[in-house]
>>> print(open('data-v7.cif').read())   # mmCIF, C-alpha atoms
data_target
#
loop_
_atom_site.label_atom_id
_atom_site.label_comp_id
_atom_site.auth_asym_id
_atom_site.auth_seq_id
_atom_site.Cartn_x
_atom_site.Cartn_y
_atom_site.Cartn_z
CA MET A 1 6.09 -29.75 -30.81
CA ALA A 2 2.69 -29.12 -29.36
CA VAL A 3 2.32 -26.20 -27.04
CA ALA A 4 0.36 -26.76 -23.87
CA HIS A 5 -2.35 -24.14 -23.70
CA SER A 6 -4.04 -25.37 -20.57
CA ARG A 7 -1.97 -23.10 -18.34
CA THR A 8 -3.28 -20.05 -20.12
CA VAL A 9 -6.87 -20.75 -19.00
CA PRO A 10 -7.52 -18.54 -16.00
CA ARG A 11 -8.84 -20.49 -13.05
CA ILE A 12 -10.89 -17.82 -11.33
CA PRO A 13 -13.16 -17.07 -14.33
CA THR A 14 -13.83 -20.79 -14.66
CA LEU A 15 -14.96 -20.94 -11.06
CA VAL A 16 -17.09 -17.86 -11.55
CA TRP A 17 -18.72 -19.43 -14.60
CA LEU A 18 -19.37 -22.62 -12.70
CA LEU A 19 -21.06 -20.64 -9.92
CA VAL A 20 -23.12 -18.70 -12.45
CA LEU A 21 -24.18 -21.81 -14.33
CA THR A 22 -25.09 -23.77 -11.23
CA SER A 23 -27.14 -20.89 -9.91
CA CYS A 24 -29.00 -20.30 -13.20
CA SER A 25 -32.66 -21.15 -13.02
CA ASN A 26 -34.42 -23.02 -15.83
CA VAL A 27 -37.73 -21.54 -14.73
CA VAL A 28 -39.54 -19.24 -17.16
CA GLU A 29 -41.39 -16.34 -15.57
CA GLN A 30 -44.33 -14.49 -17.14
CA SER A 31 -45.15 -11.33 -15.23
CA ASP A 32 -48.11 -9.01 -14.73
CA ILE A 33 -50.75 -11.17 -16.37
CA PRO A 34 -54.24 -9.79 -15.64
CA TYR A 35 -56.65 -12.37 -14.30
CA ASP A 36 -59.63 -10.07 -13.86
CA GLU A 37 -59.73 -7.16 -16.32
CA ARG A 38 -62.11 -5.19 -14.10
CA TYR A 39 -59.44 -4.40 -11.52
CA SER A 40 -55.96 -3.16 -12.34
CA ALA A 41 -54.60 -4.70 -9.15
CA ASP A 42 -55.58 -8.20 -10.17
CA VAL A 43 -52.45 -9.46 -11.87
CA LEU A 44 -50.30 -12.51 -11.39
CA ASP A 45 -46.89 -13.91 -12.25
CA VAL A 46 -46.49 -17.44 -13.58
CA TYR A 47 -43.31 -19.45 -12.92
CA MET A 48 -43.02 -22.41 -15.26
CA PRO A 49 -40.55 -25.27 -15.00
CA PRO A 50 -39.43 -26.83 -18.29
CA PRO A 51 -42.21 -28.74 -20.12
CA ALA A 52 -42.51 -32.27 -18.80
CA GLY A 53 -44.79 -33.86 -21.39
CA VAL A 54 -47.44 -34.47 -18.75
CA PRO A 55 -49.39 -31.91 -16.72
CA ARG A 56 -47.66 -30.69 -13.59
CA PRO A 57 -49.17 -29.96 -10.18
CA ALA A 58 -49.42 -26.24 -9.44
CA VAL A 59 -49.22 -23.95 -6.44
CA LEU A 60 -51.14 -20.69 -6.09
CA VAL A 61 -49.08 -18.33 -3.94
CA ILE A 62 -50.81 -15.56 -1.96
CA HIS A 63 -48.87 -12.87 -0.14
CA GLY A 64 -49.68 -11.35 3.23
CA GLY A 65 -49.48 -7.84 4.59
CA GLY A 66 -52.63 -7.36 6.63
CA TRP A 67 -54.88 -7.14 3.54
CA THR A 68 -53.62 -3.58 3.12
CA GLU A 69 -50.92 -1.69 1.24
CA GLY A 70 -47.22 -2.06 1.88
CA ILE A 71 -46.47 -5.71 1.16
CA TYR A 72 -47.04 -7.17 -2.27
CA ARG A 73 -46.49 -10.39 -4.20
CA SER A 74 -42.78 -9.68 -4.48
CA SER A 75 -42.54 -10.76 -0.84
CA LEU A 76 -43.30 -14.36 -1.84
CA ALA A 77 -41.61 -14.30 -5.23
CA PRO A 78 -38.60 -16.27 -3.91
CA HIS A 79 -40.99 -18.97 -2.66
CA ALA A 80 -42.79 -19.08 -6.01
CA GLU A 81 -39.55 -19.34 -7.93
CA ARG A 82 -38.10 -22.02 -5.66
CA LEU A 83 -41.26 -24.13 -5.85
CA ALA A 84 -41.07 -23.83 -9.64
CA GLU A 85 -37.44 -24.92 -9.51
CA ALA A 86 -38.65 -27.90 -7.49
CA GLY A 87 -41.00 -28.78 -10.36
CA TYR A 88 -44.34 -27.11 -9.57
CA VAL A 89 -45.95 -24.53 -11.84
CA THR A 90 -46.46 -21.60 -9.49
CA VAL A 91 -48.74 -18.62 -9.80
CA ASN A 92 -47.97 -15.67 -7.53
CA ILE A 93 -50.94 -13.35 -7.31
CA GLU A 94 -51.84 -9.82 -6.38
CA TYR A 95 -55.33 -9.00 -5.12
CA ARG A 96 -57.25 -5.87 -4.22
CA LEU A 97 -56.22 -4.40 -0.91
CA THR A 98 -58.49 -2.66 1.59
CA PRO A 99 -58.04 0.90 0.39
CA HIS A 100 -58.86 -0.18 -3.15
CA GLY A 101 -61.88 -2.46 -2.97
CA GLY A 102 -60.26 -5.35 -1.14
CA GLN A 103 -62.44 -5.02 1.93
CA PHE A 104 -64.06 -8.37 2.72
CA PRO A 105 -65.21 -10.16 0.66
CA GLY A 106 -63.37 -8.37 -2.17
CA ALA A 107 -59.93 -9.86 -1.58
CA VAL A 108 -61.37 -13.35 -1.12
CA LYS A 109 -63.34 -13.08 -4.35
CA ASP A 110 -60.21 -11.95 -6.17
CA CYS A 111 -58.29 -14.98 -4.94
CA PHE A 112 -61.11 -17.26 -6.08
CA CYS A 113 -60.94 -15.52 -9.47
CA ALA A 114 -57.21 -16.18 -9.66
CA LEU A 115 -57.83 -19.84 -8.85
CA ALA A 116 -60.55 -20.00 -11.51
CA TRP A 117 -58.19 -18.32 -14.00
CA LEU A 118 -55.52 -20.91 -13.24
CA ARG A 119 -57.92 -23.78 -13.78
CA ALA A 120 -59.22 -22.17 -17.00
CA HIS A 121 -55.65 -21.85 -18.31
CA ALA A 122 -54.45 -25.18 -16.97
CA GLU A 123 -53.96 -26.74 -20.38
CA SER A 124 -51.89 -23.91 -21.83
CA LEU A 125 -49.78 -23.75 -18.65
CA GLY A 126 -49.22 -27.50 -18.55
CA VAL A 127 -51.07 -27.80 -15.23
CA ASP A 128 -53.22 -30.63 -13.94
CA PRO A 129 -56.35 -28.71 -12.80
CA THR A 130 -57.11 -31.36 -10.19
CA LYS A 131 -53.75 -30.85 -8.50
CA ILE A 132 -53.63 -27.23 -7.38
CA ALA A 133 -52.45 -26.30 -3.91
CA GLY A 134 -52.39 -22.90 -2.28
CA LEU A 135 -49.60 -21.40 -0.22
CA GLY A 136 -50.11 -18.19 1.70
CA TYR A 137 -48.59 -16.36 4.60
CA SER A 138 -50.29 -14.19 7.23
CA ALA A 139 -53.22 -12.47 5.44
CA GLY A 140 -52.33 -14.73 2.53
CA GLY A 141 -52.60 -17.67 4.92
CA HIS A 142 -56.13 -16.52 5.71
CA LEU A 143 -57.05 -16.12 2.04
CA VAL A 144 -55.64 -19.49 1.06
CA SER A 145 -57.60 -21.10 3.90
CA MET A 146 -60.74 -19.46 2.56
CA LEU A 147 -59.97 -20.96 -0.86
CA GLY A 148 -59.83 -24.34 0.85
CA THR A 149 -63.01 -24.09 2.88
CA ALA A 150 -65.39 -21.40 1.62
CA ALA A 151 -65.94 -22.21 -2.05
CA ALA A 152 -69.55 -23.15 -1.35
CA ASP A 153 -70.33 -19.84 0.36
CA PRO A 154 -72.30 -17.63 -2.08
CA GLY A 155 -71.12 -14.58 -0.11
CA VAL A 156 -67.58 -14.98 -1.42
CA ALA A 157 -68.40 -16.48 -4.82
CA PRO A 158 -66.64 -14.44 -7.50
CA ASP A 159 -68.42 -12.91 -10.47
CA CYS A 160 -65.36 -12.61 -12.68
CA ALA A 161 -65.07 -13.85 -16.27
CA ALA A 162 -63.28 -17.02 -15.22
CA GLY A 163 -66.32 -17.94 -13.17
CA PRO A 164 -66.65 -19.59 -9.78
CA ALA A 165 -63.90 -21.84 -8.51
CA ALA A 166 -63.87 -25.20 -6.84
CA PRO A 167 -61.77 -25.38 -3.66
CA LEU A 168 -58.03 -25.84 -3.72
CA ASN A 169 -56.80 -29.43 -3.66
CA ALA A 170 -54.43 -28.76 -0.77
CA VAL A 171 -53.75 -25.79 1.49
CA VAL A 172 -50.54 -24.56 3.12
CA SER A 173 -51.46 -21.77 5.50
CA GLY A 174 -48.53 -20.00 7.16
CA ALA A 175 -49.53 -17.94 10.20
CA GLY A 176 -52.99 -17.57 8.71
CA PRO A 177 -55.86 -16.14 10.75
CA GLN A 178 -58.49 -18.85 10.90
CA ASP A 179 -60.88 -17.32 13.43
CA MET A 180 -61.11 -13.57 12.88
CA THR A 181 -62.59 -12.99 16.32
CA LEU A 182 -59.25 -14.00 17.84
CA LEU A 183 -57.40 -11.15 16.13
CA LEU A 184 -56.54 -8.03 18.03
CA GLY A 185 -58.57 -5.01 17.00
CA ALA A 186 -55.84 -3.65 14.75
CA THR A 187 -56.77 -1.08 12.15
CA ALA A 188 -55.85 -3.49 9.36
CA VAL A 189 -58.42 -5.97 10.66
CA THR A 190 -61.24 -3.50 11.26
CA ASP A 191 -60.59 -1.87 7.88
CA PHE A 192 -60.69 -5.26 6.17
CA LEU A 193 -63.86 -6.37 7.91
CA GLY A 194 -65.61 -3.01 8.14
CA GLY A 195 -65.70 -2.70 11.90
CA THR A 196 -64.96 -4.37 15.20
CA LYS A 197 -66.18 -7.82 16.09
CA ASP A 198 -68.90 -6.26 18.23
CA GLN A 199 -70.06 -4.02 15.39
CA VAL A 200 -70.09 -6.62 12.60
CA PRO A 201 -70.00 -10.07 14.22
CA GLU A 202 -71.60 -11.71 11.21
CA VAL A 203 -68.77 -10.47 8.96
CA TYR A 204 -66.16 -11.83 11.39
CA ALA A 205 -67.89 -15.20 11.25
CA GLU A 206 -68.20 -15.28 7.47
CA ALA A 207 -64.61 -14.15 6.98
CA SER A 208 -63.28 -16.88 9.29
CA PRO A 209 -62.11 -20.02 7.49
CA ILE A 210 -62.94 -22.08 10.56
CA THR A 211 -66.63 -21.18 10.14
CA HIS A 212 -66.71 -22.92 6.77
CA VAL A 213 -64.94 -26.15 7.72
CA ALA A 214 -66.94 -29.11 6.40
CA VAL A 215 -66.59 -32.70 5.36
CA GLY A 216 -64.66 -32.94 2.11
CA ASP A 217 -62.29 -30.04 2.72
CA PRO A 218 -58.84 -30.47 1.14
CA PRO A 219 -55.80 -31.45 3.22
CA PHE A 220 -54.28 -28.62 5.26
CA LEU A 221 -50.77 -27.91 6.46
CA LEU A 222 -50.83 -25.25 9.15
CA VAL A 223 -47.50 -23.56 9.85
CA GLY A 224 -46.82 -21.07 12.62
CA GLY A 225 -44.60 -19.96 15.45
CA ASP A 226 -45.68 -20.26 19.07
CA ASN A 227 -44.31 -16.78 19.81
CA ASP A 228 -46.28 -15.05 17.06
CA TRP A 229 -47.68 -11.81 18.51
CA PHE A 230 -49.76 -10.95 15.44
CA VAL A 231 -51.43 -14.23 14.56
CA SER A 232 -51.41 -16.46 17.60
CA ILE A 233 -50.66 -20.14 17.14
CA ASP A 234 -54.12 -20.66 18.66
CA HIS A 235 -55.52 -20.08 15.17
CA ALA A 236 -53.65 -23.12 13.88
CA HIS A 237 -54.54 -25.24 16.91
CA LEU A 238 -58.26 -24.45 16.63
CA MET A 239 -58.29 -24.96 12.87
CA LYS A 240 -56.55 -28.30 13.20
CA LYS A 241 -59.08 -29.39 15.78
CA ALA A 242 -61.99 -28.33 13.53
CA LEU A 243 -60.53 -30.02 10.46
CA ASP A 244 -59.70 -33.17 12.39
CA ALA A 245 -63.31 -33.29 13.58
CA VAL A 246 -64.60 -33.52 10.00
CA GLY A 247 -61.99 -36.04 8.97
CA THR A 248 -59.77 -33.74 6.90
CA GLU A 249 -56.12 -34.65 6.75
CA THR A 250 -54.37 -31.89 8.67
CA ARG A 251 -50.78 -31.36 9.71
CA LEU A 252 -49.47 -28.83 12.19
CA PHE A 253 -45.93 -27.52 11.86
CA GLU A 254 -45.17 -25.39 14.90
CA ILE A 255 -41.89 -23.57 15.48
CA PRO A 256 -40.91 -23.24 19.12
CA GLY A 257 -40.17 -19.59 19.83
CA GLY A 258 -41.02 -18.58 16.26
CA GLY A 259 -42.46 -15.12 15.67
CA HIS A 260 -44.49 -13.64 12.83
CA ILE A 261 -41.58 -12.13 10.94
CA TRP A 262 -38.61 -13.25 12.99
CA ASN A 263 -37.11 -16.55 13.96
CA GLY A 264 -33.99 -17.80 15.58
CA ALA A 265 -30.77 -18.11 13.57
CA ASP A 266 -27.49 -18.98 15.21
CA GLY A 267 -28.58 -17.82 18.63
CA GLN A 268 -30.03 -14.53 17.43
CA TRP A 269 -33.38 -13.28 16.28
CA GLU A 270 -33.35 -12.75 12.54
CA LEU A 271 -35.75 -10.44 10.72
CA PRO A 272 -37.36 -10.94 8.27
CA LEU A 273 -37.51 -14.70 8.66
CA THR A 274 -41.06 -16.04 8.70
CA SER A 275 -42.16 -19.45 9.86
CA ILE A 276 -42.46 -20.71 6.27
CA ASP A 277 -38.88 -19.63 5.54
CA THR A 278 -37.00 -21.99 7.82
CA PRO A 279 -35.32 -25.03 6.23
CA GLU A 280 -37.39 -27.33 8.42
CA ALA A 281 -40.67 -25.71 7.33
CA GLN A 282 -39.57 -25.79 3.70
CA ALA A 283 -38.97 -29.51 3.99
CA ALA A 284 -42.38 -30.06 5.55
CA ILE A 285 -44.13 -27.91 2.92
CA LEU A 286 -42.53 -29.68 0.00
CA ASP A 287 -43.24 -33.08 1.47
CA PHE A 288 -46.86 -32.08 2.08
CA LEU A 289 -47.23 -30.93 -1.53
CA ASP A 290 -45.65 -34.12 -2.82
CA HIS A 291 -47.98 -36.13 -0.63
CA THR A 292 -51.21 -34.27 -1.47
CA ILE A 293 -51.04 -32.96 -5.05
CA GLY A 294 -48.30 -35.33 -6.09
CA PRO A 295 -44.62 -34.92 -6.80
CA PRO A 296 -43.76 -33.09 -10.01
CA PRO A 297 -43.03 -35.32 -13.02
CA MET B 1 -4.79 0.98 48.98
CA SER B 2 -6.95 -0.94 46.52
CA THR B 3 -5.92 -4.20 44.94
CA PRO B 4 -5.35 -3.93 41.19
CA ALA B 5 -8.15 -5.57 39.24
CA ILE B 6 -7.35 -8.91 37.72
CA LEU B 7 -7.89 -8.94 33.97
CA LEU B 8 -10.36 -11.70 33.20
CA THR B 9 -9.72 -13.16 29.79
CA HIS B 10 -12.40 -15.84 29.46
CA ALA B 11 -16.15 -15.64 29.12
CA LEU B 12 -18.95 -18.14 28.85
CA SER B 13 -22.31 -16.85 27.63
CA LEU B 14 -25.78 -18.14 26.97
CA SER B 15 -27.78 -16.71 24.07
CA ILE B 16 -31.23 -15.70 25.26
CA PRO B 17 -32.92 -15.91 21.80
CA SER B 18 -31.74 -19.50 21.53
CA THR B 19 -33.75 -20.34 24.64
CA ASP B 20 -36.96 -18.89 23.15
CA GLY B 21 -39.69 -21.40 23.78
CA VAL B 22 -37.38 -23.20 26.23
CA ARG B 23 -36.49 -25.64 23.51
CA GLY B 24 -32.79 -25.13 23.10
CA ALA B 25 -29.67 -23.21 23.91
CA ARG B 26 -26.58 -21.74 22.32
CA VAL B 27 -23.45 -21.37 24.40
CA LEU B 28 -20.48 -19.21 23.45
CA TYR B 29 -16.98 -19.45 24.91
CA GLU B 30 -14.65 -16.49 24.35
CA GLN B 31 -10.97 -15.99 24.93
CA PHE B 32 -9.73 -12.40 25.18
CA LEU B 33 -6.45 -11.21 23.67
CA PRO B 34 -5.83 -7.93 25.57
CA GLU B 35 -2.96 -6.73 23.38
CA HIS B 36 -5.33 -6.74 20.37
CA ARG B 37 -8.56 -6.02 22.29
CA LEU B 38 -9.96 -9.05 20.49
CA ALA B 39 -12.24 -11.75 21.83
CA ILE B 40 -12.21 -14.95 19.82
CA GLY B 41 -15.09 -17.29 20.46
CA VAL B 42 -16.54 -20.64 19.56
CA GLY B 43 -20.20 -21.48 20.02
CA ALA B 44 -22.46 -24.49 19.88
CA GLU B 45 -26.21 -24.60 19.51
CA LEU B 46 -28.80 -27.32 19.88
CA ARG B 47 -32.49 -26.62 19.70
CA GLU B 48 -35.84 -28.09 18.76
CA SER B 49 -36.88 -26.31 15.59
CA ALA B 50 -40.27 -27.89 14.91
CA MET B 51 -43.05 -29.53 16.87
CA GLY B 52 -46.72 -30.36 16.43
CA ASP B 53 -46.92 -33.18 13.90
CA TYR B 54 -43.20 -32.82 13.18
CA THR B 55 -39.95 -32.84 15.06
CA GLY B 56 -37.16 -30.58 13.98
CA ILE B 57 -33.66 -30.64 15.37
CA ARG B 58 -31.14 -27.93 14.66
CA SER B 59 -27.54 -28.19 15.75
CA GLY B 60 -24.78 -25.84 14.85
CA VAL B 61 -21.34 -24.50 15.55
CA SER B 62 -20.08 -20.97 15.17
CA GLY B 63 -16.97 -18.87 15.37
CA THR B 64 -16.95 -15.22 16.45
CA VAL B 65 -14.46 -12.38 16.61
CA ARG B 66 -15.19 -9.23 18.59
CA TRP B 67 -13.02 -6.12 18.77
CA PHE B 68 -13.59 -4.02 21.86
CA TRP B 69 -13.35 -0.31 21.35
CA ARG B 70 -11.22 1.81 23.67
CA ARG B 71 -10.93 -0.75 26.44
CA ALA B 72 -8.43 -3.50 27.10
CA THR B 73 -11.16 -5.51 28.76
CA MET B 74 -13.93 -7.69 27.41
CA THR B 75 -16.58 -5.07 28.16
CA GLY B 76 -17.94 -1.94 26.52
CA TRP B 77 -18.69 -1.23 22.88
CA TYR B 78 -17.53 -3.69 20.29
CA VAL B 79 -17.83 -4.62 16.64
CA GLY B 80 -17.62 -8.19 15.52
CA GLY B 81 -18.24 -10.85 12.97
CA SER B 82 -19.28 -14.46 12.97
CA VAL B 83 -19.58 -17.51 10.78
CA TYR B 84 -21.73 -20.49 11.51
CA ALA B 85 -22.89 -23.82 10.17
CA ASP B 86 -26.19 -25.42 11.15
CA GLY B 87 -27.56 -28.85 10.41
CA ASP B 88 -31.36 -29.01 10.22
CA PHE B 89 -33.17 -32.33 10.51
CA THR B 90 -36.93 -32.67 10.05
CA HIS B 91 -39.01 -35.69 11.03
CA ASP B 92 -42.64 -36.41 10.14
CA ASP B 93 -44.12 -37.81 13.34
CA THR B 94 -47.35 -38.90 11.65
CA ASP B 95 -45.72 -41.07 9.02
CA HIS B 96 -42.65 -41.80 11.17
CA ARG B 97 -39.99 -40.84 8.66
CA TRP B 98 -37.25 -38.28 8.21
CA LEU B 99 -38.15 -35.70 5.58
CA SER B 100 -34.99 -33.86 4.86
CA THR B 101 -31.62 -32.71 6.00
CA ALA B 102 -30.49 -29.17 5.35
CA LEU B 103 -27.24 -27.35 5.91
CA THR B 104 -27.20 -23.65 6.61
CA LEU B 105 -24.00 -21.63 6.30
CA GLY B 106 -24.07 -18.07 7.53
CA VAL B 107 -21.85 -15.04 7.97
CA GLY B 108 -22.73 -11.90 9.87
CA GLY B 109 -21.49 -8.64 11.28
CA GLU B 110 -22.66 -7.03 14.49
CA PHE B 111 -22.05 -4.29 16.97
CA GLY B 112 -23.04 -4.29 20.57
CA TYR B 113 -22.32 -3.21 24.09
CA ARG B 114 -21.26 -5.56 26.85
CA PHE B 115 -21.84 -4.40 30.41
CA GLN B 116 -21.10 -5.88 33.77
CA PRO B 117 -24.05 -5.20 36.08
CA TRP B 118 -22.89 -7.31 39.01
CA ARG B 119 -19.53 -8.90 39.89
CA ASP B 120 -18.38 -10.83 36.81
CA LEU B 121 -21.81 -11.21 35.27
CA ILE B 122 -21.92 -9.84 31.72
CA VAL B 123 -24.88 -8.88 29.58
CA THR B 124 -24.38 -8.33 25.85
CA PRO B 125 -27.08 -6.88 23.61
CA CYS B 126 -26.15 -6.55 19.96
CA VAL B 127 -27.62 -5.88 16.51
CA GLY B 128 -26.28 -6.71 13.09
CA LEU B 129 -26.71 -7.96 9.57
CA GLU B 130 -26.46 -11.51 8.34
CA VAL B 131 -26.39 -13.50 5.11
CA HIS B 132 -26.96 -17.22 5.05
CA ARG B 133 -27.45 -19.94 2.48
CA ASP B 134 -29.59 -23.02 2.95
CA PHE B 135 -28.52 -26.18 1.20
CA ALA B 136 -31.43 -28.62 1.24
CA THR B 137 -31.82 -32.11 -0.07
CA ARG B 138 -35.01 -31.41 -2.05
CA MET B 139 -35.52 -27.67 -2.44
CA PRO B 140 -33.12 -25.49 -4.43
CA ASP B 141 -30.47 -23.69 -2.42
CA TRP B 142 -31.52 -20.36 -1.00
CA THR B 143 -29.45 -17.33 -0.06
CA ARG B 144 -31.06 -14.75 2.17
CA GLY B 145 -30.09 -11.86 4.36
CA GLY B 146 -31.60 -10.02 7.26
CA PHE B 147 -31.23 -8.00 10.38
CA THR B 148 -30.25 -9.71 13.59
CA ALA B 149 -30.70 -8.91 17.24
CA GLY B 150 -28.99 -10.80 20.00
CA LEU B 151 -28.80 -10.86 23.75
CA GLU B 152 -26.30 -12.86 25.77
CA VAL B 153 -25.91 -13.38 29.48
CA GLY B 154 -22.64 -14.79 30.73
CA TRP B 155 -19.82 -14.83 33.19
CA LEU B 156 -16.23 -13.62 33.03
CA PHE B 157 -13.54 -15.79 34.53
#
>>> encode(input="data-v7.cif", output="structure tokens")
Amino acid sequence: MAVAHSRTVPRIPTLVWLLVLTSCSNVVEQSDIPYDERYSADVLDVYMPPPAGVPRPAVLVIHGGGWTEGIYRSSLAPHAERLAEAGYVTVNIEYRLTPHGGQFPGAVKDCFCALAWLRAHAESLGVDPTKIAGLGYSAGGHLVSMLGTAAADPGVAPDCAAGPAAPLNAVVSGAGPQDMTLLLGATAVTDFLGGTKDQVPEVYAEASPITHVAVGDPPFLLVGGDNDWFVSIDHAHLMKKALDAVGTETRLFEIPGGGHIWNGADGQWELPLTSIDTPEAQAAILDFLDHTIGPPP
Amino acid sequence: MSTPAILLTHALSLSIPSTDGVRGARVLYEQFLPEHRLAIGVGAELRESAMGDYTGIRSGVSGTVRWFWRRATMTGWYVGGSVYADGDFTHDDTDHRWLSTALTLGVGGEFGYRFQPWRDLIVTPCVGLEVHRDFATRMPDWTRGGFTAGLEVGWLF
């Protein structure tokens, strides 16, 4: 007579395994890849979805932190990994910060180098080089906007091995400064730009993405909270107006009551919770990427 | 001779953070169990969570438990916990279509101090920790945690 063994299978371990398996990512991560050998800071992490047989669209992810030390690419690693899980090849970059050569235009040049590196390695990464978007938050939102608008400016053209870079094909700028003259005179800003707006007005102008807006700029999604004390939502409003004026497709995603690093959650302020973290913003970002650089295969 | 105070065992509060931007509100009703010094509450929230070229609507319900330290009233220091569920709906106003629906489930712990500055008016600042998980239709699920700060204004009755 057969003995029923099914009762001997413990139920809790099965559930645990199910949870583990369903939470396992099929994304492969390659870490600390140098994209400009001249600077030790210039490394990136690549998050690759499974091979699809056809090139995938890609997203260049740029962290914030006031262009200075303290916040690094790990802050946006969850975004990079989740976008890869959604089907995009993502590249999460580090760049030189102000105490270490990142003073304008250093950080901008580094980001252009990273973009050039991505395009140069598109084939080996399974990326379509004509479908690369950028996603950045705060200072990263500024840098990604520069990658969308300032590629023609010789003042920020990189001299790295990968060469100069064409603009991004789409830009998602979360709480990104677009007009540097609107920023408060915080040390991080004056350190990045080498002085106050009265001392170096020409640098403030050149470092402002809005200065470079021109016909042919890639589509922009501007995300921000209207209670952001660090980067006012005015930056997004002005940038949208400038981009609209030259016929660039631009979307504004504004969070009522949203701050720079806090947002509402169940009737409370939650920190850290940026404006690109909310489920609504995530939906808008993914839809924008699908619409501009195409849905992943 | 003074009249003994009547123990008020109900409270209705409005969360101030939920009114940020004057685009929503979260209301919490609490019932006090004096023998356990416990306040058990249910809350409901409705707010606009996106504007500009999008419309976002967030609606949610929550349950809270608060244990008041040293006092058999619904005031003073307390520790508590809460669970909540939010539905998040995002609409693209340019292309006139719904983008996504997301469900957020959260659990948190908090401590705070409830004071009564005037008659039965109550003010409740609190801080805590929270973990929540977003279940979205397109993006992978996401579990995150963070610090929370709250402020409620309400009335005892």
>>> resolve_selection(input="data-v7.cif", expression="the PyMOL selection byres ((chain B) within 8 of (chain A))", output="PyMOL selection string")
chain B and resi 15-18+20-23+25-26+45+48-54+56+60+62+84+86+88-90+92+99-100+102+134+136+138-140+146-151
>>> resolve_selection(input="data-v7.cif", expression="the PyMOL selection byres ((chain A and resi 143) around 8)", output="PDB file with C-alpha atoms, in the coordinates of the input")
ATOM      1  CA  ILE A  62     -50.810 -15.560  -1.960  1.00  0.00           C
ATOM      2  CA  ALA A 107     -59.930  -9.860  -1.580  1.00  0.00           C
ATOM      3  CA  VAL A 108     -61.370 -13.350  -1.120  1.00  0.00           C
ATOM      4  CA  CYS A 111     -58.290 -14.980  -4.940  1.00  0.00           C
ATOM      5  CA  GLY A 136     -50.110 -18.190   1.700  1.00  0.00           C
ATOM      6  CA  ALA A 139     -53.220 -12.470   5.440  1.00  0.00           C
ATOM      7  CA  GLY A 140     -52.330 -14.730   2.530  1.00  0.00           C
ATOM      8  CA  GLY A 141     -52.600 -17.670   4.920  1.00  0.00           C
ATOM      9  CA  HIS A 142     -56.130 -16.520   5.710  1.00  0.00           C
ATOM     10  CA  VAL A 144     -55.640 -19.490   1.060  1.00  0.00           C
ATOM     11  CA  SER A 145     -57.600 -21.100   3.900  1.00  0.00           C
ATOM     12  CA  MET A 146     -60.740 -19.460   2.560  1.00  0.00           C
ATOM     13  CA  LEU A 147     -59.970 -20.960  -0.860  1.00  0.00           C
ATOM     14  CA  GLY A 176     -52.990 -17.570   8.710  1.00  0.00           C
TER      15      GLY A 176
END
>>> atom_distance(input="data-v7.cif", atom1="atom CA of Arg97 of chain B", atom2="atom CA of Thr55 of chain B")
10.2 Å
>>> resolve_selection(input="data-v7.cif", expression="the PyMOL selection byres ((chain A and resi 27) around 7)", output="list in words")
Ser25, Asn26, Val28, Glu29, Tyr47, Met48, Pro49, Pro50, Ala84 and Glu85 of chain A
>>> atom_distance(input="data-v7.cif", atom1="atom CA of Thr68 of chain A", atom2="atom CA of Leu97 of chain A")
4.9 Å
>>> atom_distance(input="data-v7.cif", atom1="atom CA of Pro158 of chain A", atom2="atom CA of Val61 of chain A")
18.3 Å
>>> residues_around(input="data-v7.cif", residues="Thr149 of chain A", least_positions_apart="3", cutoff="12 Å", atoms="only C-alpha atoms", output="ChimeraX atom specification")
/A:108,112,134,142-146,152-153,156,165-171,178,206-220,239,242-243,246,248
>>> residues_around(input="data-v7.cif", residues="segment 32-36 of chain B", least_positions_apart="2", cutoff="6 Å", atoms="only C-alpha atoms", output="MDAnalysis selection string")
chainID B and resid 9 38:39 72
>>> residues_around(input="data-v7.cif", residues="Ala205 of chain A", least_positions_apart="5", cutoff="12 Å", atoms="all atoms listed in the file", output="ChimeraX atom specification")
/A:104,150,155,178-182,193,196-198,200,210-213
>>> axis_aligned_box(input="data-v7.cif", around="segment 119-126 of chain B", padding_each_side="8 Å", output="JSON")
{"center_x": -22.7, "center_y": -8.9, "center_z": 29.9, "size_x": 24.7, "size_y": 20.7, "size_z": 35.9}
>>> closest_residue(input="data-v7.cif", among="A:Leu183, A:Asp42, A:Thr274, A:Leu115", to="His100 of chain A", atoms="only C-alpha atoms")
A:Asp42
